Amino acid sequence: GDTPKRRVAVFGAGYIGLVTGACLAELGHQVVVRDISPEKIELLRSGEIPIYEPGLGDMIVRNKERLTFTLDLQEALASAEVVYVCVDTPPSASGDADLSRVWSVVRSLEGAPRLRVVAMKSTVPVGTGTRVREALDAAGLGHVGYAANPEFTAEGTAVNDFLHPDRVVVGASDEETARLVAQLHEGVDGPVVRMDVRSAEMVKLASNALLATKISFINEIATLCEKTGADVEEVARAVGLDHRLGHHFLRPGIGWGGSCFPKDSEALRQLASNTGYHLQLLSAVIEVNNLQKRRAIQKLKDVLGTLAGGRVTLLGLTFKPGTDDMREAPSTVLAARLLAEGAEVRCWDPMARPAETEPWTSTTRHATPETALDGADAAIVVTEWPQLKEVDWARAASAMRRPVLFDGRNMLDPAGMRALGFTYLGVGRP
Ligand code: UGA
C-alpha cells in the first residue's frame, strides 16, 4: 500500500513481543525488539529463538534486514515512532495483574525524540490506559498518543493468527493515534475495529473469559453425561452445529491452562471485585476448571482403589500440543496430586521443559511414551499430542502392570482401546 512504513520499537522479547515484532517486520515496518535479558538478545542475534512457535523462526530470519534485537534502551528509542509494550503482566499476590514491567517501560520512554504512539499489547486491567496517559503527560510526552491494541493470538498458531485475525482491536482516544495503529496493520487480513481505550482493554479480558466459559461449560456437561449415560462428543458435535453457538472451544478435557486463561480469568475476577461487584459466572467457570483436575485423580482412584505405591504415567505435559509452554499446565497439578497420594509418577512429552522444581524433580521423564508406560499401573493422556495416536497400544497394554488408561482429551477410540484389553476411561463418554 501507500501508507508509510513505520519505525517500531517492541519492548519485550517473549511470545507476544517476538510474534508482534516479526509480523510487523513482515508487513514492511522497521522493527527493533528490546529486552532486558542478555541471554535472550544474544540468542536472537545469532538467529535462534528462545521459544517454540511454528513459523516464527523462519519469519525472523526472512526479515533480518528489518528486524533487529537490542539490550540498549537508547538504541531502541532513537528512531522509534511507535513503541509496542509486550512485557508480561503476571498475577501478583493480591490477584491483580503485576504491572511493574509495564511501568518500567513507560518510565523509560521519557525523551524519546521521535515517538508518536505507545501501543499496549500486554494484557492489562481496564483503566490502565488512563494511568499510562497520566504517566506520559507527566514525563513530558503529552504529544504522544496511546492505544490499547490487545492480541488474540493463540500459541502454536500465533503467526497466522496475527496476519489473519478475526479482528484487530484498536482502542484510542484520538483519531490520529487510531489511524496510525490501524495503518500499521495494513496488509493484515482482517477488519480493524476502533473503540475507546477502556472498551478495548475489556474486549481482551471478556474474550478469554468467554472462551474459558465455553470449555468449563462443556466439561460440566461431560460430567453430567457420565452420570446419565450420554456421550459428550455426540452432544458437543450437535450443539456446535448451531451457528449461534459454534463448535469452537467445545472440546471437553482435563481443564484449561496456559499463560492466558488462568491469569486473565483471575485478573477479570479481581478487577470486578475491586469495583465492588462479584462476577458470579466467571467464579463458577474457574471452580469447574479446578474440579476437572480433581475428578481426573478420582477416576483413577475409583479403578485402582488406592494410588499409594502405584505407578502412574502422564502422557503429555504442556498445556496444549504444539507448544513447549508449561505455564499453568494441568499436568503440574496432576503430578503434584499423584505424588501426594503416594504414587510414583513418570512422564513423557516431546517438547516440554518442566521447571527443575517440584513436582517435576520427583517424577521420571521418559524419552518415549512406550518406555514411560512400561510397568505402569495407569496412564493419563494429559495433552493430545498427535504422537500418541502412533503408540503401539497393543504392546503397551501387555507391558503395563495394569492397563488402565484415562484419556483426558478423548483422543483415542474407546472401543479399540478396550478391544486391546485396556480399562479405558474418557471424559463424558461411555
Ligand atoms: C488463548 C486464546 O485462545 C487466544 O485467543 C488469546 O490471544 C490467548 O489465550 C492470549 O490471551 O494470549 P492459548 O492460551 O495459546 O490462547 O491457548 P488455547 O488454544 O486457547 O487453549 C487454552 C486452553 O484451553 C488449553 O489448555 C486447551 O487445552 C484448552 N482447551 C481449548 C480445551 O480444553 N478445550 C477446547 O475446546 C479448547
# chains A, B, ... in the order shown; residues from 1 in each chain; ligands from 1

call {"tool": "closest_atom_pairs", "arguments": {"of": "chain A", "to": "ligand 1", "cutoff": "8 Å", "atoms": "only C-alpha atoms and all ligand atoms", "output": "CSV"}}
result
residue,atom,partner,partner_atom_place_in_ligand_line,distance
A:Ile16,CA,ligand 1,12 (O),7.7
A:Thr123,CA,ligand 1,11 (O),7.4
A:Glu151,CA,ligand 1,7 (O),5.4
A:Phe152,CA,ligand 1,7 (O),3.1
A:Thr153,CA,ligand 1,7 (O),4.0
A:Ala154,CA,ligand 1,15 (O),3.5
A:Glu155,CA,ligand 1,15 (O),3.7
A:Gly156,CA,ligand 1,15 (O),6.9
A:Ala158,CA,ligand 1,15 (O),7.9
A:Lys204,CA,ligand 1,11 (O),7.3
A:Leu205,CA,ligand 1,11 (O),8.0
A:Ser207,CA,ligand 1,5 (O),7.5
A:Asn208,CA,ligand 1,2 (C),6.0
A:Leu211,CA,ligand 1,3 (O),7.2
A:Ala212,CA,ligand 1,24 (O),6.9
A:Lys214,CA,ligand 1,36 (O),7.6
A:Ile215,CA,ligand 1,34 (N),5.2
A:His248,CA,ligand 1,36 (O),6.0
A:Phe249,CA,ligand 1,36 (O),3.1
A:Leu250,CA,ligand 1,36 (O),4.2
A:Arg251,CA,ligand 1,36 (O),3.4
A:Pro252,CA,ligand 1,34 (N),5.5
A:Gly253,CA,ligand 1,33 (O),5.0
A:Ile254,CA,ligand 1,33 (O),6.5
A:Gly255,CA,ligand 1,33 (O),5.1
A:Trp256,CA,ligand 1,26 (O),3.7
A:Gly257,CA,ligand 1,26 (O),3.9
A:Gly258,CA,ligand 1,14 (O),4.9
A:Ser259,CA,ligand 1,14 (O),5.7
A:Cys260,CA,ligand 1,11 (O),4.4
A:Phe261,CA,ligand 1,9 (O),5.9
A:Asp264,CA,ligand 1,11 (O),7.2
A:Phe319,CA,ligand 1,26 (O),4.6
A:Lys320,CA,ligand 1,28 (O),4.6
A:Pro321,CA,ligand 1,28 (O),7.7
A:Ala329,CA,ligand 1,26 (O),6.9
A:Pro330,CA,ligand 1,26 (O),7.5
A:Thr383,CA,ligand 1,28 (O),7.2
A:Arg409,CA,ligand 1,33 (O),7.8

call {"tool": "select_by_dssp", "arguments": {"residues": "segment 144-314 of chain A", "states": "strand (DSSP E)", "output": "list of chain:residue names"}}
result
A:Gly145, A:Tyr146, A:Ala147, A:Ala148, A:Val168, A:Val169, A:Val170, A:Gly171, A:Ala172, A:Val192, A:Val193, A:Arg194, A:Met195, A:Arg311, A:Val312, A:Thr313, A:Leu314

call {"tool": "residues_around", "arguments": {"residues": "segment 295-306 of chain A", "least_positions_apart": "2", "cutoff": "10 Å", "atoms": "only C-alpha atoms", "output": "PDB file with N, CA and C atoms, in the first residue's frame"}}
result
ATOM      1  N   THR A 223     -19.462 -34.163  32.629  1.00  0.00           N
ATOM      2  CA  THR A 223     -19.676 -34.822  33.923  1.00  0.00           C
ATOM      3  C   THR A 223     -21.101 -35.370  34.005  1.00  0.00           C
ATOM      4  N   GLY A 253     -12.285 -31.922  28.293  1.00  0.00           N
ATOM      5  CA  GLY A 253     -10.930 -32.381  28.611  1.00  0.00           C
ATOM      6  C   GLY A 253     -10.637 -32.287  30.089  1.00  0.00           C
ATOM      7  N   ILE A 254      -9.359 -32.126  30.358  1.00  0.00           N
ATOM      8  CA  ILE A 254      -8.877 -32.174  31.717  1.00  0.00           C
ATOM      9  C   ILE A 254      -8.831 -30.769  32.318  1.00  0.00           C
ATOM     10  N   GLY A 255      -9.282 -29.792  31.523  1.00  0.00           N
ATOM     11  CA  GLY A 255      -9.318 -28.413  32.009  1.00  0.00           C
ATOM     12  C   GLY A 255      -8.391 -27.527  31.213  1.00  0.00           C
ATOM     13  N   ASN A 290     -10.985 -26.154  38.157  1.00  0.00           N
ATOM     14  CA  ASN A 290     -10.196 -26.797  39.218  1.00  0.00           C
ATOM     15  C   ASN A 290     -10.747 -28.183  39.528  1.00  0.00           C
ATOM     16  N   LEU A 291     -12.078 -28.275  39.547  1.00  0.00           N
ATOM     17  CA  LEU A 291     -12.750 -29.543  39.829  1.00  0.00           C
ATOM     18  C   LEU A 291     -12.370 -30.600  38.788  1.00  0.00           C
ATOM     19  N   GLN A 292     -12.236 -30.171  37.560  1.00  0.00           N
ATOM     20  CA  GLN A 292     -11.945 -31.098  36.468  1.00  0.00           C
ATOM     21  C   GLN A 292     -10.651 -31.865  36.730  1.00  0.00           C
ATOM     22  N   LYS A 293      -9.666 -31.198  37.303  1.00  0.00           N
ATOM     23  CA  LYS A 293      -8.388 -31.857  37.611  1.00  0.00           C
ATOM     24  C   LYS A 293      -8.542 -32.794  38.816  1.00  0.00           C
ATOM     25  N   ALA A 308      -1.534 -45.130  46.265  1.00  0.00           N
ATOM     26  CA  ALA A 308      -0.289 -45.312  47.026  1.00  0.00           C
ATOM     27  C   ALA A 308       0.485 -46.500  46.464  1.00  0.00           C
ATOM     28  N   GLY A 309       1.727 -46.268  46.143  1.00  0.00           N
ATOM     29  CA  GLY A 309       2.573 -47.339  45.613  1.00  0.00           C
ATOM     30  C   GLY A 309       2.359 -47.621  44.137  1.00  0.00           C
ATOM     31  N   GLY A 310       1.332 -46.998  43.536  1.00  0.00           N
ATOM     32  CA  GLY A 310       1.066 -47.230  42.120  1.00  0.00           C
ATOM     33  C   GLY A 310       1.984 -46.402  41.232  1.00  0.00           C
ATOM     34  N   VAL A 312       2.068 -44.213  37.946  1.00  0.00           N
ATOM     35  CA  VAL A 312       1.151 -43.536  37.029  1.00  0.00           C
ATOM     36  C   VAL A 312       1.953 -42.739  35.993  1.00  0.00           C
ATOM     37  N   LEU A 334      -1.755 -32.336  38.327  1.00  0.00           N
ATOM     38  CA  LEU A 334      -1.950 -33.786  38.397  1.00  0.00           C
ATOM     39  C   LEU A 334      -0.731 -34.465  39.017  1.00  0.00           C
ATOM     40  N   ALA A 335       0.458 -34.085  38.575  1.00  0.00           N
ATOM     41  CA  ALA A 335       1.676 -34.714  39.109  1.00  0.00           C
ATOM     42  C   ALA A 335       1.775 -34.478  40.613  1.00  0.00           C
ATOM     43  N   ARG A 337      -0.647 -33.889  42.764  1.00  0.00           N
ATOM     44  CA  ARG A 337      -1.671 -34.656  43.492  1.00  0.00           C
ATOM     45  C   ARG A 337      -1.307 -36.132  43.553  1.00  0.00           C
ATOM     46  N   LEU A 338      -0.812 -36.659  42.426  1.00  0.00           N
ATOM     47  CA  LEU A 338      -0.446 -38.084  42.387  1.00  0.00           C
ATOM     48  C   LEU A 338       0.673 -38.368  43.389  1.00  0.00           C
ATOM     49  N   GLU A 341      -0.610 -38.449  46.805  1.00  0.00           N
ATOM     50  CA  GLU A 341      -1.363 -39.686  47.078  1.00  0.00           C
ATOM     51  C   GLU A 341      -0.425 -40.886  47.236  1.00  0.00           C
ATOM     52  N   GLY A 342       0.885 -40.641  47.065  1.00  0.00           N
ATOM     53  CA  GLY A 342       1.844 -41.727  47.257  1.00  0.00           C
ATOM     54  C   GLY A 342       2.174 -42.499  45.995  1.00  0.00           C
ATOM     55  N   ALA A 343       1.773 -41.988  44.844  1.00  0.00           N
ATOM     56  CA  ALA A 343       2.075 -42.680  43.588  1.00  0.00           C
ATOM     57  C   ALA A 343       3.488 -42.333  43.124  1.00  0.00           C
ATOM     58  N   ASP A 377       0.824 -48.751  36.313  1.00  0.00           N
ATOM     59  CA  ASP A 377      -0.489 -49.214  36.766  1.00  0.00           C
ATOM     60  C   ASP A 377      -1.620 -48.429  36.125  1.00  0.00           C
ATOM     61  N   ALA A 378      -1.301 -47.256  35.634  1.00  0.00           N
ATOM     62  CA  ALA A 378      -2.314 -46.421  34.979  1.00  0.00           C
ATOM     63  C   ALA A 378      -1.603 -45.322  34.203  1.00  0.00           C
ATOM     64  N   ALA A 379      -2.296 -44.815  33.178  1.00  0.00           N
ATOM     65  CA  ALA A 379      -1.744 -43.705  32.415  1.00  0.00           C
ATOM     66  C   ALA A 379      -2.840 -42.674  32.188  1.00  0.00           C
ATOM     67  N   ILE A 380      -2.431 -41.426  32.090  1.00  0.00           N
ATOM     68  CA  ILE A 380      -3.378 -40.346  31.783  1.00  0.00           C
ATOM     69  C   ILE A 380      -2.889 -39.611  30.539  1.00  0.00           C
ATOM     70  N   VAL A 382      -2.755 -36.420  29.091  1.00  0.00           N
ATOM     71  CA  VAL A 382      -2.979 -35.070  29.611  1.00  0.00           C
ATOM     72  C   VAL A 382      -3.012 -34.055  28.474  1.00  0.00           C
ATOM     73  N   ARG A 402      -0.901 -52.763  34.995  1.00  0.00           N
ATOM     74  CA  ARG A 402      -2.365 -52.795  34.866  1.00  0.00           C
ATOM     75  C   ARG A 402      -2.731 -51.851  33.728  1.00  0.00           C
ATOM     76  N   VAL A 404      -4.694 -49.572  32.668  1.00  0.00           N
ATOM     77  CA  VAL A 404      -5.751 -48.595  32.952  1.00  0.00           C
ATOM     78  C   VAL A 404      -5.368 -47.285  32.277  1.00  0.00           C
ATOM     79  N   LEU A 405      -6.256 -46.767  31.434  1.00  0.00           N
ATOM     80  CA  LEU A 405      -5.939 -45.550  30.707  1.00  0.00           C
ATOM     81  C   LEU A 405      -7.054 -44.530  30.848  1.00  0.00           C
ATOM     82  N   PHE A 406      -6.713 -43.371  31.387  1.00  0.00           N
ATOM     83  CA  PHE A 406      -7.668 -42.269  31.399  1.00  0.00           C
ATOM     84  C   PHE A 406      -7.275 -41.313  30.282  1.00  0.00           C
ATOM     85  N   ASP A 407      -8.101 -41.282  29.253  1.00  0.00           N
ATOM     86  CA  ASP A 407      -7.867 -40.420  28.095  1.00  0.00           C
ATOM     87  C   ASP A 407      -8.483 -39.058  28.396  1.00  0.00           C
ATOM     88  N   GLY A 408      -7.692 -38.196  28.983  1.00  0.00           N
ATOM     89  CA  GLY A 408      -8.183 -36.894  29.446  1.00  0.00           C
ATOM     90  C   GLY A 408      -8.521 -35.929  28.330  1.00  0.00           C
ATOM     91  N   THR A 423      -8.625 -50.933  30.363  1.00  0.00           N
ATOM     92  CA  THR A 423      -9.733 -50.309  31.075  1.00  0.00           C
ATOM     93  C   THR A 423      -9.677 -48.858  30.638  1.00  0.00           C
ATOM     94  N   LEU A 425     -11.012 -45.083  30.200  1.00  0.00           N
ATOM     95  CA  LEU A 425     -11.890 -44.054  30.760  1.00  0.00           C
ATOM     96  C   LEU A 425     -11.715 -42.790  29.940  1.00  0.00           C
ATOM     97  N   GLY A 426     -12.817 -42.197  29.512  1.00  0.00           N
ATOM     98  CA  GLY A 426     -12.729 -40.936  28.791  1.00  0.00           C
ATOM     99  C   GLY A 426     -13.372 -39.833  29.594  1.00  0.00           C
ATOM    100  N   VAL A 427     -13.588 -38.700  28.952  1.00  0.00           N
ATOM    101  CA  VAL A 427     -14.270 -37.583  29.601  1.00  0.00           C
ATOM    102  C   VAL A 427     -15.675 -37.494  29.034  1.00  0.00           C
TER     103      VAL A 427
END

call {"tool": "residues_around", "arguments": {"residues": "Arg167 of chain A", "least_positions_apart": "3", "cutoff": "9 Å", "atoms": "only C-alpha atoms", "output": "compact mmCIF listing (two decimals) with C-alpha atoms, in the first residue's frame"}}
result
# COMPACT_ATOMS: atom_id res chain seq x y z
CA PHE A 152 -5.82 -12.53 20.25
CA HIS A 164 -5.19 -13.40 9.52
CA ASP A 189 -6.18 -9.87 6.55
CA GLY A 190 -8.94 -8.88 9.00
CA PRO A 191 -11.11 -5.93 9.99
CA VAL A 192 -9.85 -3.15 12.25
CA VAL A 193 -12.36 -2.37 14.98

call {"tool": "atom_distance", "arguments": {"atom1": "atom CA of Trp348 of chain A", "atom2": "atom CA of Thr361 of chain A"}}
result
14.0 Å

call {"tool": "atom_distance", "arguments": {"atom1": "atom CA of Ala397 of chain A", "atom2": "atom CA of Thr363 of chain A"}}
result
21.8 Å

call {"tool": "closest_residue", "arguments": {"among": "A:Val87, A:Met417, A:Leu44, A:Leu67", "to": "Pro403 of chain A", "atoms": "only C-alpha atoms"}}
result
A:Met417

call {"tool": "residues_around", "arguments": {"residues": "Ala172 of chain A", "least_positions_apart": "5", "cutoff": "6 Å", "atoms": "only C-alpha atoms", "output": "list in words"}}
result
Ala147, Ala178, Asp196 and Val197 of chain A

call {"tool": "write_last_selection", "arguments": {"atoms": "C-alpha atoms", "output": "PDB file, in the first residue's frame"}}
result
ATOM      1  CA  ALA A 147      -3.593   2.919  22.043  1.00  0.00           C
ATOM      2  CA  ALA A 178      -6.203   5.216  15.960  1.00  0.00           C
ATOM      3  CA  ASP A 196     -12.250   3.796  23.228  1.00  0.00           C
ATOM      4  CA  VAL A 197      -9.304   2.591  25.298  1.00  0.00           C
TER       5      VAL A 197
END

call {"tool": "select_by_dssp", "arguments": {"residues": "segment 30-232 of chain A", "states": "helix (DSSP H, G or I)", "output": "ChimeraX atom specification"}}
result
/A:38-45,56-62,73-77,100-107,128-138,158-163,175-184,197-228,232

call {"tool": "closest_residue", "arguments": {"among": "A:Gln183, A:Thr332, A:Thr89, A:Thr157", "to": "Thr3 of chain A", "atoms": "only C-alpha atoms"}}
result
A:Gln183

call {"tool": "residues_around", "arguments": {"residues": "His247 of chain A", "least_positions_apart": "6", "cutoff": "12 Å", "atoms": "only C-alpha atoms", "output": "short mmCIF file (atom, residue, chain, number, x, y, z; two decimals) with C-alpha atoms, in the first residue's frame"}}
result
data_model
loop_
_atom_site.label_atom_id
_atom_site.label_comp_id
_atom_site.auth_asym_id
_atom_site.auth_seq_id
_atom_site.Cartn_x
_atom_site.Cartn_y
_atom_site.Cartn_z
CA LEU A 211 -13.68 -18.94 25.67
CA LYS A 214 -17.35 -22.50 26.83
CA ILE A 215 -14.75 -25.07 27.89
CA ILE A 218 -18.82 -28.48 28.09
CA GLU A 233 -18.68 -35.99 22.00
CA GLU A 234 -22.03 -36.52 20.26
CA VAL A 235 -23.60 -33.73 22.29
CA ALA A 236 -20.82 -31.23 21.51
CA ARG A 237 -20.89 -32.09 17.83
CA ALA A 238 -24.59 -31.39 17.51
CA VAL A 239 -24.63 -28.38 19.84
CA GLY A 240 -21.76 -26.85 17.84
CA LEU A 241 -23.68 -27.15 14.59
#

call {"tool": "residues_around", "arguments": {"residues": "Met202 of chain A", "least_positions_apart": "4", "cutoff": "12 Å", "atoms": "only C-alpha atoms", "output": "JSON, numbers by chain"}}
result
{"A": [123, 124, 125, 126, 127, 128, 129, 148, 149, 150, 169, 170, 171, 195, 196, 197, 198, 206, 207, 208, 209, 210, 264, 265, 267, 268, 271, 272]}

call {"tool": "write_last_selection", "arguments": {"atoms": "C-alpha atoms", "output": "short mmCIF file (atom, residue, chain, number, x, y, z; two decimals), in the first residue's frame"}}
result
data_model
loop_
_atom_site.label_atom_id
_atom_site.label_comp_id
_atom_site.auth_asym_id
_atom_site.auth_seq_id
_atom_site.Cartn_x
_atom_site.Cartn_y
_atom_site.Cartn_z
CA THR A 123 -2.93 -7.80 28.85
CA VAL A 124 -3.73 -5.16 31.45
CA PRO A 125 -6.66 -4.31 33.72
CA VAL A 126 -9.32 -1.96 32.40
CA GLY A 127 -8.26 1.56 33.30
CA THR A 128 -4.54 1.02 32.76
CA GLY A 129 -4.60 3.22 29.67
CA ALA A 148 -4.83 -0.32 23.54
CA ASN A 149 -4.21 -2.92 20.86
CA PRO A 150 -4.79 -6.30 22.56
CA VAL A 169 -8.99 -4.11 18.09
CA VAL A 170 -7.66 -0.56 18.36
CA GLY A 171 -8.72 1.48 21.36
CA MET A 195 -13.18 1.99 20.03
CA ASP A 196 -12.25 3.80 23.23
CA VAL A 197 -9.30 2.59 25.30
CA ARG A 198 -11.28 1.08 28.19
CA ALA A 206 -14.06 -10.68 28.03
CA SER A 207 -12.98 -12.74 25.01
CA ASN A 208 -10.70 -15.00 27.01
CA ALA A 209 -13.28 -15.34 29.77
CA LEU A 210 -15.98 -16.38 27.31
CA ASP A 264 -6.79 -13.45 32.66
CA SER A 265 -9.83 -15.01 34.31
CA ALA A 267 -7.48 -10.80 36.71
CA LEU A 268 -11.01 -10.17 35.46
CA LEU A 271 -10.96 -6.33 38.51
CA ALA A 272 -14.66 -6.87 39.17
#

call {"tool": "closest_residue", "arguments": {"among": "A:Tyr424, A:Tyr52, A:Trp393, A:Phe217", "to": "Tyr15 of chain A", "atoms": "only C-alpha atoms"}}
result
A:Tyr52

call {"tool": "closest_residue", "arguments": {"among": "A:Thr318, A:Thr313, A:Thr368, A:Ser331", "to": "Arg294 of chain A", "atoms": "only C-alpha atoms"}}
result
A:Ser331
